[in-house]
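Chemist: The structure under discussion is supplied below as structure tokens; questions concerning it will follow.
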Amino acid sequence: MLLIPCPVCGERPEDEFGFGGDATVQPPVTDSASGQAEVDIDGFADYLYLRENPKGRHTELWVHRYGCRRWLVVERDTVTHELYSSRLAAGEGGE
Ligand SMILES: [Zn+2]
């Protein structure tokens with residue numbers, strides 16, 4: 001079983017966590033000169049539905065659902081399941 005090191009709770013089994021997807025994908029929203037957010041509609045569909053399924057080292061979002069309920073950014077290898085790093089996501093006390 002994959003063990004995920006939560007910065008708050010320590011090392012916990014994967015089944016305490018929920019997978020939140022790719023942490024490197026950003027929504028296609030830009031700030032216009034008027035201060036209104038502008039959304040690229042075609043790009044937004046791709047953002048919602050198209051995802052890579054990479055092999056190897058990858059940065060992902062996980063939520064510690066049955067623990068501290070905080071969001072984490074986890075860097076791991078999707079083939080070997082080796083974990084490289086784990087930190088709180090932005091807005092959860094991380095950067
Ligand atoms: Zn936790």
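In the structure tokens, chains take letters A, B, ... by order of appearance, with residues numbered from 1 within each chain and ligands from 1 in the order shown.
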Please find the residues contacting ligand 1 at a distance of at most 6 Å between atoms, with only C-alpha atoms and all ligand atoms counted, and report them as a VMD selection string.
Modeler: chain A and resid 6 8 to 9 64 67 to 68
Chemist: Extract the full set of helix (DSSP H, G or I) residues from chain A according to DSSP on the backbone, and format it as a ChimeraX atom specification.
Modeler: /A:14-16,41-49
Chemist: Just write the chosen residues, C-alpha atoms, as a short mmCIF file (atom, residue, chain, number, x, y, z; two decimals), in the first residue's frame.
Modeler:
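Output (again_28.cif):
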data_model
loop_
_atom_site.label_atom_id
_atom_site.label_comp_id
_atom_site.auth_asym_id
_atom_site.auth_seq_id
_atom_site.Cartn_x
_atom_site.Cartn_y
_atom_site.Cartn_z
CA GLU A 14 -3.31 6.00 0.76
CA ASP A 15 -6.92 5.02 1.52
CA GLU A 16 -7.19 7.94 4.00
CA ILE A 41 -14.12 28.84 -23.27
CA ASP A 42 -12.51 26.31 -25.65
CA GLY A 43 -9.49 26.05 -23.39
CA PHE A 44 -11.74 25.55 -20.37
CA ALA A 45 -13.29 22.38 -21.82
CA ASP A 46 -9.79 21.01 -22.38
CA TYR A 47 -8.87 22.05 -18.83
CA LEU A 48 -11.87 20.15 -17.42
CA TYR A 49 -11.76 17.01 -19.52
#
Chemist: Tell me, which residues of region 11-88 of chain A carry DSSP strand (DSSP E), written as number ranges by chain?
Modeler: A: 11-13, 18-22, 29-31, 37-39, 57-63, 71-77, 83-88
Chemist: Deliver the residues from the most recent selection as a file, using N, CA and C atoms, as a compact mmCIF listing (two decimals), in the first residue's frame.
Modeler:
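After the write, selection.txt holds the following:
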# COMPACT_ATOMS: atom_id res chain seq x y z
N GLU A 11 3.02 9.99 8.31
CA GLU A 11 2.83 9.02 7.22
C GLU A 11 1.53 8.24 7.42
N ARG A 12 0.66 8.25 6.41
CA ARG A 12 -0.65 7.60 6.50
C ARG A 12 -0.92 6.80 5.23
N PRO A 13 -1.75 5.73 5.36
CA PRO A 13 -2.05 4.92 4.18
C PRO A 13 -2.88 5.70 3.15
N GLY A 18 -7.96 11.35 -0.67
CA GLY A 18 -8.67 11.41 -1.94
C GLY A 18 -7.77 12.05 -2.97
N PHE A 19 -7.80 11.50 -4.19
CA PHE A 19 -6.95 12.03 -5.26
C PHE A 19 -7.59 13.27 -5.86
N GLY A 20 -6.81 14.34 -5.99
CA GLY A 20 -7.36 15.61 -6.50
C GLY A 20 -6.89 15.98 -7.88
N GLY A 21 -6.09 15.12 -8.52
CA GLY A 21 -5.68 15.36 -9.89
C GLY A 21 -4.32 16.01 -10.02
N ASP A 22 -4.05 16.42 -11.23
CA ASP A 22 -2.77 17.00 -11.62
C ASP A 22 -2.61 18.37 -10.96
N VAL A 29 -7.72 31.07 -17.29
CA VAL A 29 -8.35 32.33 -16.92
C VAL A 29 -7.27 33.39 -16.83
N THR A 30 -7.53 34.54 -17.46
CA THR A 30 -6.56 35.64 -17.40
C THR A 30 -7.26 36.88 -16.88
N ASP A 31 -6.54 37.77 -16.26
CA ASP A 31 -7.10 39.04 -15.80
C ASP A 31 -6.99 40.06 -16.93
N ALA A 37 -12.06 38.85 -14.85
CA ALA A 37 -11.40 37.63 -15.30
C ALA A 37 -11.96 37.22 -16.66
N GLU A 38 -11.09 36.87 -17.56
CA GLU A 38 -11.50 36.41 -18.88
C GLU A 38 -11.21 34.93 -18.99
N VAL A 39 -12.22 34.18 -19.46
CA VAL A 39 -12.09 32.73 -19.56
C VAL A 39 -12.04 32.33 -21.04
N ARG A 57 7.73 10.56 -12.87
CA ARG A 57 7.63 11.54 -11.80
C ARG A 57 6.52 12.55 -12.12
N HIS A 58 5.64 12.80 -11.15
CA HIS A 58 4.48 13.62 -11.41
C HIS A 58 4.07 14.35 -10.13
N THR A 59 3.51 15.56 -10.28
CA THR A 59 3.05 16.36 -9.14
C THR A 59 1.53 16.33 -9.09
N GLU A 60 0.98 15.92 -7.96
CA GLU A 60 -0.46 15.69 -7.84
C GLU A 60 -1.03 16.36 -6.59
N LEU A 61 -2.34 16.60 -6.63
CA LEU A 61 -3.07 17.08 -5.46
C LEU A 61 -3.75 15.91 -4.77
N TRP A 62 -3.63 15.85 -3.45
CA TRP A 62 -4.33 14.85 -2.64
C TRP A 62 -4.96 15.58 -1.47
N VAL A 63 -6.13 15.11 -1.03
CA VAL A 63 -6.75 15.68 0.16
C VAL A 63 -6.77 14.60 1.24
N TRP A 71 -5.39 19.96 1.94
CA TRP A 71 -4.92 19.61 0.60
C TRP A 71 -3.40 19.60 0.56
N LEU A 72 -2.86 18.59 -0.09
CA LEU A 72 -1.42 18.44 -0.19
C LEU A 72 -0.99 18.43 -1.65
N VAL A 73 0.22 18.88 -1.89
CA VAL A 73 0.86 18.72 -3.18
C VAL A 73 1.90 17.61 -3.00
N VAL A 74 1.71 16.50 -3.72
CA VAL A 74 2.56 15.32 -3.56
C VAL A 74 3.30 15.06 -4.87
N GLU A 75 4.59 14.92 -4.79
CA GLU A 75 5.39 14.58 -5.96
C GLU A 75 5.78 13.11 -5.85
N ARG A 76 5.35 12.32 -6.84
CA ARG A 76 5.65 10.89 -6.77
C ARG A 76 5.86 10.32 -8.16
N ASP A 77 6.41 9.12 -8.17
CA ASP A 77 6.60 8.40 -9.42
C ASP A 77 5.40 7.48 -9.61
N LEU A 83 7.80 8.18 -3.39
CA LEU A 83 7.39 9.53 -3.04
C LEU A 83 8.60 10.42 -2.88
N TYR A 84 8.59 11.57 -3.55
CA TYR A 84 9.73 12.48 -3.47
C TYR A 84 9.47 13.61 -2.48
N SER A 85 8.25 14.14 -2.46
CA SER A 85 7.97 15.26 -1.55
C SER A 85 6.48 15.36 -1.29
N SER A 86 6.15 16.01 -0.17
CA SER A 86 4.77 16.23 0.22
C SER A 86 4.73 17.53 1.01
N ARG A 87 3.84 18.44 0.60
CA ARG A 87 3.73 19.71 1.33
C ARG A 87 2.29 20.17 1.28
N LEU A 88 1.93 21.10 2.17
CA LEU A 88 0.58 21.65 2.15
C LEU A 88 0.42 22.50 0.90
Chemist: Quick check, in Å to one decimal: how far apart do CA of Ala23 (chain A) and CA of Asn53 (chain A) lie?
Modeler: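 Computing the Euclidean distance for CA of Ala23 (chain A) and CA of Asn53 (chain A) yields 12.8 Å.
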Chemist: Find the residue from A:Gly10, A:Arg70, A:Thr80, A:Ser32 that sits nearest to Glu92 (chain A); use only C-alpha atoms when measuring.
Modeler: A:Arg70
Chemist: Between CA of His81 (chain A) and CA of Pro7 (chain A), measure the distance and give it in Å to one decimal.
Modeler: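 Straight-line distance from CA of His81 (chain A) to CA of Pro7 (chain A) works out to 18.4 Å.
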Chemist: Using Å and a single decimal, report how far CA of Pro28 (chain A) sits from CA of Lys55 (chain A).
Modeler: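 Spanning CA of Lys55 (chain A) to CA of Pro28 (chain A) is a straight-line distance of 24.6 Å.
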Chemist: Which one is closest to Pro54 (chain A): A:Leu3, A:Ser34, A:Phe17, A:Val79? Count only C-alpha atoms.
Modeler: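 Looking at the shortest contact to Pro54 (chain A), the residue is A:Val79.
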Chemist: Taking only C-alpha atoms into account, name the residue in A:Glu52, A:Ala89, A:Pro27, A:Arg69 that is nearest to Asp40 (chain A).
Modeler: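 Using only C-alpha atoms, Asp40 (chain A) sits closest to A:Pro27.
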